[in-house]
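A.B. asks: Dropping in input_36.tsv, which is TSV, C-alpha atoms and all ligand atoms:
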chain	number	residue	atom	x	y	z
T	1	MET	CA	0.00	0.00	0.00
T	2	ARG	CA	2.78	2.44	0.81
T	3	ARG	CA	3.94	2.40	-2.78
T	4	LEU	CA	0.67	4.00	-3.83
T	5	LEU	CA	1.18	7.16	-1.81
T	6	PRO	CA	3.78	8.88	-3.99
T	7	ALA	CA	1.61	8.24	-7.05
T	8	VAL	CA	-1.25	10.19	-5.47
T	9	GLY	CA	1.06	13.13	-4.84
T	10	VAL	CA	2.20	13.14	-8.44
T	11	LEU	CA	-1.38	13.02	-9.64
T	12	VAL	CA	-2.37	16.13	-7.69
T	13	ALA	CA	0.70	18.03	-8.85
T	14	ALA	CA	0.11	17.11	-12.47
T	15	CYS	CA	-3.52	18.04	-12.08
T	16	SER	CA	-2.82	21.64	-11.13
T	17	ASN	CA	-0.15	21.95	-13.80
T	18	ILE	CA	-2.67	21.03	-16.45
T	19	ALA	CA	-5.41	23.34	-15.29
T	20	SER	CA	-3.28	26.48	-15.21
T	21	PRO	CA	-2.31	27.00	-18.86
T	22	ALA	CA	-5.81	26.10	-20.01
T	23	VAL	CA	-7.43	29.22	-18.61
T	24	ASN	CA	-7.04	31.34	-21.74
T	25	ASP	CA	-8.49	28.73	-24.08
T	26	ILE	CA	-11.81	27.83	-22.51
T	27	TYR	CA	-15.36	29.05	-22.81
T	28	GLU	CA	-17.78	29.78	-19.99
T	29	TYR	CA	-19.23	26.56	-18.58
T	30	ARG	CA	-21.14	27.94	-15.59
T	31	ALA	CA	-24.77	29.09	-15.40
T	32	PHE	CA	-25.36	32.68	-14.33
T	33	GLU	CA	-28.99	33.33	-15.20
T	34	PHE	CA	-30.34	32.62	-11.72
T	35	GLY	CA	-28.41	35.50	-10.16
T	36	ASP	CA	-25.74	33.24	-8.79
T	37	THR	CA	-22.99	31.12	-10.21
T	38	LEU	CA	-23.73	27.46	-10.65
T	39	ALA	CA	-20.82	25.18	-11.42
T	40	PHE	CA	-21.36	21.44	-11.47
T	41	HIS	CA	-19.15	18.46	-11.94
T	42	TRP	CA	-19.54	14.85	-10.78
T	43	PRO	CA	-17.78	14.16	-7.49
T	44	ARG	CA	-15.09	11.54	-7.59
T	45	GLU	CA	-17.01	9.23	-5.23
T	46	LEU	CA	-19.86	8.91	-7.73
T	47	LEU	CA	-17.63	7.74	-10.56
T	48	PRO	CA	-18.20	5.95	-12.79
T	49	VAL	CA	-21.48	7.72	-13.56
T	50	ARG	CA	-24.13	5.08	-14.32
T	51	ILE	CA	-25.91	5.68	-17.62
T	52	TRP	CA	-28.87	3.68	-18.87
T	53	VAL	CA	-30.07	3.45	-22.46
T	54	ALA	CA	-32.23	0.60	-23.76
T	55	ALA	CA	-30.20	-2.30	-25.11
T	56	ASP	CA	-32.09	-2.20	-28.41
T	57	SER	CA	-32.20	1.59	-28.73
T	58	PRO	CA	-30.97	2.96	-32.08
T	59	ILE	CA	-29.14	5.72	-30.21
T	60	ARG	CA	-27.17	3.39	-27.92
T	61	PRO	CA	-24.03	3.34	-30.15
T	62	TYR	CA	-23.89	7.13	-30.01
T	63	VAL	CA	-24.08	7.08	-26.22
T	64	VAL	CA	-21.12	4.68	-26.18
T	65	THR	CA	-19.14	6.95	-28.50
T	66	ALA	CA	-19.97	10.09	-26.55
T	67	ILE	CA	-18.92	8.52	-23.22
T	68	SER	CA	-15.66	7.39	-24.76
T	69	ARG	CA	-14.96	10.81	-26.25
T	70	TRP	CA	-15.47	12.69	-22.97
T	71	GLN	CA	-13.55	10.14	-20.92
T	72	ASP	CA	-10.66	10.45	-23.35
T	73	ALA	CA	-10.69	14.24	-22.89
T	74	PHE	CA	-9.25	13.69	-19.42
T	75	LEU	CA	-5.83	12.35	-18.55
T	76	TYR	CA	-6.55	11.21	-15.01
T	77	GLY	CA	-10.06	9.75	-15.11
T	78	GLU	CA	-11.67	12.87	-13.69
T	79	PHE	CA	-14.86	11.84	-15.50
T	80	ARG	CA	-15.80	8.21	-16.09
T	81	ALA	CA	-19.14	6.64	-16.99
T	82	THR	CA	-20.48	3.15	-17.53
T	83	LEU	CA	-23.65	1.75	-19.08
T	84	VAL	CA	-25.92	-0.10	-16.66
T	85	ALA	CA	-28.63	-2.65	-17.51
T	86	ASP	CA	-31.19	-1.51	-14.92
T	87	SER	CA	-32.65	1.98	-15.29
T	88	SER	CA	-33.62	2.04	-11.60
T	89	THR	CA	-29.93	2.15	-10.64
T	90	ALA	CA	-28.97	4.76	-13.24
T	91	ASP	CA	-27.72	8.29	-12.57
T	92	VAL	CA	-28.60	9.30	-16.13
T	93	ILE	CA	-31.47	7.93	-18.22
T	94	VAL	CA	-31.21	8.27	-22.01
T	95	ARG	CA	-34.20	7.83	-24.27
T	96	ASN	CA	-34.92	8.06	-27.98
T	97	THR	CA	-38.02	10.27	-27.52
T	98	PRO	CA	-38.85	13.95	-26.96
T	99	SER	CA	-38.71	15.05	-23.33
T	100	ASP	CA	-41.60	13.98	-21.15
T	101	VAL	CA	-40.24	15.11	-17.79
T	102	GLY	CA	-40.55	18.35	-15.88
T	103	GLY	CA	-42.48	20.00	-13.13
T	104	VAL	CA	-40.96	18.17	-10.17
T	105	LEU	CA	-38.13	20.62	-9.65
T	106	LEU	CA	-37.24	23.87	-11.24
T	107	ARG	CA	-35.54	22.35	-14.24
T	108	ARG	CA	-33.34	23.78	-16.86
T	109	PRO	CA	-33.75	21.90	-20.12
T	110	ILE	CA	-31.00	22.47	-22.62
T	111	LEU	CA	-31.98	22.08	-26.22
T	112	ALA	CA	-29.68	21.51	-29.15
T	113	ARG	CA	-31.03	21.68	-32.64
T	114	ALA	CA	-29.50	20.26	-35.75
T	115	PRO	CA	-31.31	19.76	-39.04
T	116	GLN	CA	-32.15	16.07	-38.59
T	117	CYS	CA	-32.43	15.49	-34.85
T	118	ASN	CA	-32.94	17.16	-31.49
T	119	GLY	CA	-31.22	16.62	-28.20
T	120	GLU	CA	-32.42	17.72	-24.80
T	121	THR	CA	-30.69	17.33	-21.45
T	122	ASP	CA	-32.45	17.87	-18.15
T	123	PRO	CA	-29.79	18.01	-15.46
T	124	SER	CA	-32.49	18.23	-12.76
T	125	LEU	CA	-30.67	21.21	-11.33
T	126	ASP	CA	-32.44	23.22	-8.65
T	127	PRO	CA	-30.77	26.66	-8.55
T	128	SER	CA	-32.22	27.66	-5.16
T	129	SER	CA	-30.93	24.65	-3.24
T	130	LYS	CA	-27.96	24.21	-5.61
T	131	THR	CA	-28.66	20.54	-5.95
T	132	VAL	CA	-28.84	18.05	-8.77
T	133	GLN	CA	-31.56	15.47	-8.13
T	134	LEU	CA	-30.72	12.14	-9.71
T	135	PRO	CA	-31.53	10.77	-12.15
T	136	MET	CA	-30.73	13.22	-14.93
T	137	HIS	CA	-32.61	12.73	-18.18
T	138	LEU	CA	-31.29	12.97	-21.71
T	139	PHE	CA	-33.43	12.78	-24.84
T	140	MET	CA	-32.37	12.54	-28.47
T	141	TYR	CA	-34.70	11.88	-31.37
T	142	ALA	CA	-34.96	12.26	-35.11
T	143	VAL	CA	-37.17	15.03	-36.49
T	144	VAL	CA	-37.13	13.71	-40.04
T	145	SER	CA	-37.61	10.25	-41.53
T	146	ASP	CA	-35.06	7.66	-40.44
T	147	ALA	CA	-34.20	7.26	-44.13
T	148	VAL	CA	-32.61	10.71	-44.32
T	149	PRO	CA	-28.83	10.22	-44.73
T	150	GLY	CA	-27.79	12.87	-42.21
T	151	ILE	CA	-29.25	11.13	-39.17
T	152	PRO	CA	-26.14	9.20	-38.04
T	153	ALA	CA	-23.98	12.34	-38.17
T	154	CYS	CA	-26.64	14.36	-36.37
T	155	TYR	CA	-26.95	11.71	-33.66
T	156	SER	CA	-23.18	11.55	-33.23
T	157	ILE	CA	-22.76	15.32	-32.88
T	158	THR	CA	-25.85	15.82	-30.74
T	159	MET	CA	-25.16	12.99	-28.29
T	160	THR	CA	-21.60	14.22	-27.75
T	161	HIS	CA	-23.04	17.69	-27.10
T	162	GLU	CA	-25.67	16.41	-24.64
T	163	VAL	CA	-23.22	14.24	-22.72
T	164	GLY	CA	-21.12	17.41	-22.47
T	165	HIS	CA	-24.03	18.89	-20.49
T	166	VAL	CA	-24.23	15.70	-18.41
T	167	ILE	CA	-20.58	15.96	-17.37
T	168	GLY	CA	-21.34	19.49	-16.15
T	169	ILE	CA	-20.85	21.98	-18.98
T	170	LEU	CA	-24.02	23.99	-18.33
T	171	ALA	CA	-23.43	26.81	-20.80
T	172	HIS	CA	-22.77	26.82	-24.54
T	173	SER	CA	-19.58	27.71	-26.35
T	174	PRO	CA	-19.71	30.88	-28.50
T	175	HIS	CA	-17.42	29.18	-31.05
T	176	SER	CA	-19.06	27.33	-33.94
T	177	ASP	CA	-16.17	24.84	-34.17
T	178	ASP	CA	-16.80	23.45	-30.67
T	179	VAL	CA	-19.22	20.59	-30.02
T	180	MET	CA	-20.69	22.65	-27.16
T	181	PHE	CA	-21.80	25.39	-29.59
T	182	ALA	CA	-25.58	25.84	-29.27
T	183	ASN	CA	-26.19	24.50	-32.78
T	184	PRO	CA	-23.22	22.16	-33.03
T	185	GLU	CA	-21.70	21.02	-36.30
T	186	PHE	CA	-18.39	19.67	-35.03
T	187	ASP	CA	-18.44	15.87	-34.63
T	188	GLY	CA	-15.96	15.33	-31.84
T	189	ILE	CA	-14.38	17.24	-28.97
T	190	SER	CA	-12.34	20.30	-29.87
T	191	ASP	CA	-9.23	21.37	-27.98
T	192	ARG	CA	-11.31	24.16	-26.45
T	193	ASP	CA	-14.06	21.71	-25.39
T	194	ARG	CA	-11.36	19.54	-23.81
T	195	GLN	CA	-9.69	22.40	-21.94
T	196	THR	CA	-13.06	23.64	-20.72
T	197	ALA	CA	-13.95	20.21	-19.33
T	198	ILE	CA	-10.56	19.84	-17.64
T	199	THR	CA	-10.82	23.31	-16.12
T	200	LEU	CA	-14.34	22.54	-14.86
T	201	TYR	CA	-13.17	19.36	-13.13
T	202	HIS	CA	-10.22	21.10	-11.49
T	203	ARG	CA	-12.32	23.80	-9.84
T	204	PRO	CA	-14.83	23.41	-7.00
T	205	SER	CA	-18.38	22.37	-7.81
T	206	THR	CA	-21.00	24.62	-6.18
T	207	VAL	CA	-23.76	22.04	-6.70
T	208	THR	CA	-24.48	18.96	-4.56
T	209	VAL	CA	-25.80	15.71	-5.97
T	210	THR	CA	-28.87	14.28	-4.22
T	211	GLY	CA	-31.29	11.41	-4.75
T	212	ARG	CA	-30.75	7.73	-5.44
T	213	ARG	CA	-27.32	6.80	-4.10
F	1	ZN	ZN	-26.78	22.40	-25.40
Output the file's structure in the form of C-alpha cells.
C.D. replies:
Amino acid sequence: MRRLLPAVGVLVAACSNIASPAVNDIYEYRAFEFGDTLAFHWPRELLPVRIWVAADSPIRPYVVTAISRWQDAFLYGEFRATLVADSSTADVIVRNTPSDVGGVLLRRPILARAPQCNGETDPSLDPSSKTVQLPMHLFMYAVVSDAVPGIPACYSITMTHEVGHVIGILAHSPHSDDVMFANPEFDGISDRDRQTAITLYHRPSTVTVTGRR
C-alpha cells in the first residue's frame, strides 16, 4: 500500500499543472442566469457515472461513442461513466423520444437543434438549493424520416453535445467549431471543449448531488 502514496502526490501536482495553462483557451461553462454562479461536476465518489439506455435503442451506439470521447478528454479519469442494464440504478437515463419530464423541480432543459435530430438534457438542477436530483434525463430523437442520410452524423454530434451537459458543462460555447456550440456542427471534442472540461473538473463544484445513491 505504501507504494501508492507517492503516485497520489504526483497526480495532484500534475492536475494543477494542467489546469493552469488552459485558462485562456476555454469558454464559460457555468450558469449565471439565476443571479448566482452554478458550477457542477460529478464528485469523484460517484464515478463511474451510471448511464442507462435501452439495449435495443438505435441511439445506444452514439451514447457509447460520446462517453468514450469525454472520458478520453481527461488524462486522469476525472470523468468516467459506464452503461448499466437496470434503469432504476442509473444516474442518467437516455431515451430516444422527446422530453416527457418536468415540473418536479425547477428544471433547466437544454436544447440543441441540428437539421435532422434534437437533443435535450435535463440536469435536474435546482438553482435555489444548488442541488442536482438524480436521475438526470437525456433525450435525443430524429425530427425527419429515419431514411434521411444525415441522421447518423446528427446523432453523433448531438449525443456528444448532450453528454457534455451531463458531465457538467451547463453553458454553450460561443465558437461554432466546438461541439458545445448551441447548434453544433463539429463531430468530436475540440481542444477548447477539452480544456473547458478539464478546467471545470479542477475547480470546486457549487452544486451537490442528491437522490438515489
Ligand atoms: Zn446544449
A.B. asks: I'd like the interatomic distance between atom CA of Ala147 of chain T and atom CA of Gln116 of chain T, to a tenth of an Å.
C.D. replies: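 Between atom CA of Ala147 of chain T and atom CA of Gln116 of chain T the gap is 10.6 Å.
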A.B. asks: As number ranges by chain, please: every protein or nucleic acid residue near ligand ZN 1 (chain F) (cut-off 8 Å, counting all atoms listed in the file).
C.D. replies: T: 110-112, 119-121, 161-162, 165, 170-172, 180-183
A.B. asks: Report, in Å with one decimal, the straight-line distance from atom CA of Pro174 of chain T to atom CA of Ala81 of chain T.
C.D. replies: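 Separation between atom CA of Pro174 of chain T and atom CA of Ala81 of chain T: 26.8 Å.
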A.B. asks: In Å, rounded to a single decimal, give me how far atom CA of Ser99 of chain T is from atom CA of Thr208 of chain T.
C.D. replies: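 Straight-line distance from atom CA of Thr208 of chain T to atom CA of Ser99 of chain T works out to 23.9 Å.
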A.B. asks: Name the residues in contact with Val92 of chain T at a cut-off of 12 Å, using all atoms listed in the file, excluding same-chain residues fewer than 2 positions from it; report them as a PyMOL selection string.
C.D. replies: chain T and resi 42+48-53+63+81-84+86-90+94-95+121-124+132-139+162-163+165-167+211-212
A.B. asks: Within 12 Å of Glu33 of chain T, counting all atoms listed in the file, which residues qualify if same-chain residues fewer than 4 places away don't, as a list in words?
C.D. replies: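 With the cut-off at 12 Å, the set is Thr37, Leu38, Arg108, Pro127, Ser128, Leu170 and Ala171 of chain T.
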A.B. asks: Could you pull the residues within 8 Å of Asn96 of chain T, counting all atoms listed in the file, minus those fewer than 4 positions along the same chain, as JSON, numbers by chain?
C.D. replies: {"T": [57, 58, 59, 139, 140, 141]}
A.B. asks: Out of T:Pro43, T:Leu125, T:Tyr29, T:Gly77, which residue has the shortest atom-to-atom distance to Pro204 of chain T when counting only C-alpha atoms?
C.D. replies: T:Pro43
A.B. asks: Residues around (-25.1, 9.0, -35.5), cut-off 10 Å, counting all atoms listed in the file - what are they as a ChimeraX atom specification?
C.D. replies: /T:58-63,65,117,150-160,187
A.B. asks: What's around His41 of chain T at 9 Å? Count all atoms listed in the file, leave out sequence neighbours fewer than 3 positions away in its own chain, and write the answer as a list in words.
C.D. replies: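 My list of contacting residues is Phe79, Val166, Ile167, Gly168, Ile169, Leu200, Tyr201, Arg203, Pro204, Ser205, Thr206 and Val207 of chain T.
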A.B. asks: For Arg213 of chain T, which of T:Asp191, T:Thr199, T:Glu45, T:Ala31 is the closest residue, counting all atoms listed in the file?
C.D. replies: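 Of the candidates, the smallest distance to Arg213 of chain T is held by T:Glu45.
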A.B. asks: T:Thr131, T:Gly164, T:Pro184, T:Ser176: which is nearest Gln71 of chain T, counting only C-alpha atoms?
C.D. replies: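 Smallest distance to Gln71 of chain T is found for T:Gly164.
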A.B. asks: Using only C-alpha atoms, which residue out of T:Leu47, T:Ile26, T:Val143, T:Ala54 lies closest to Asp193 of chain T?
C.D. replies: T:Ile26
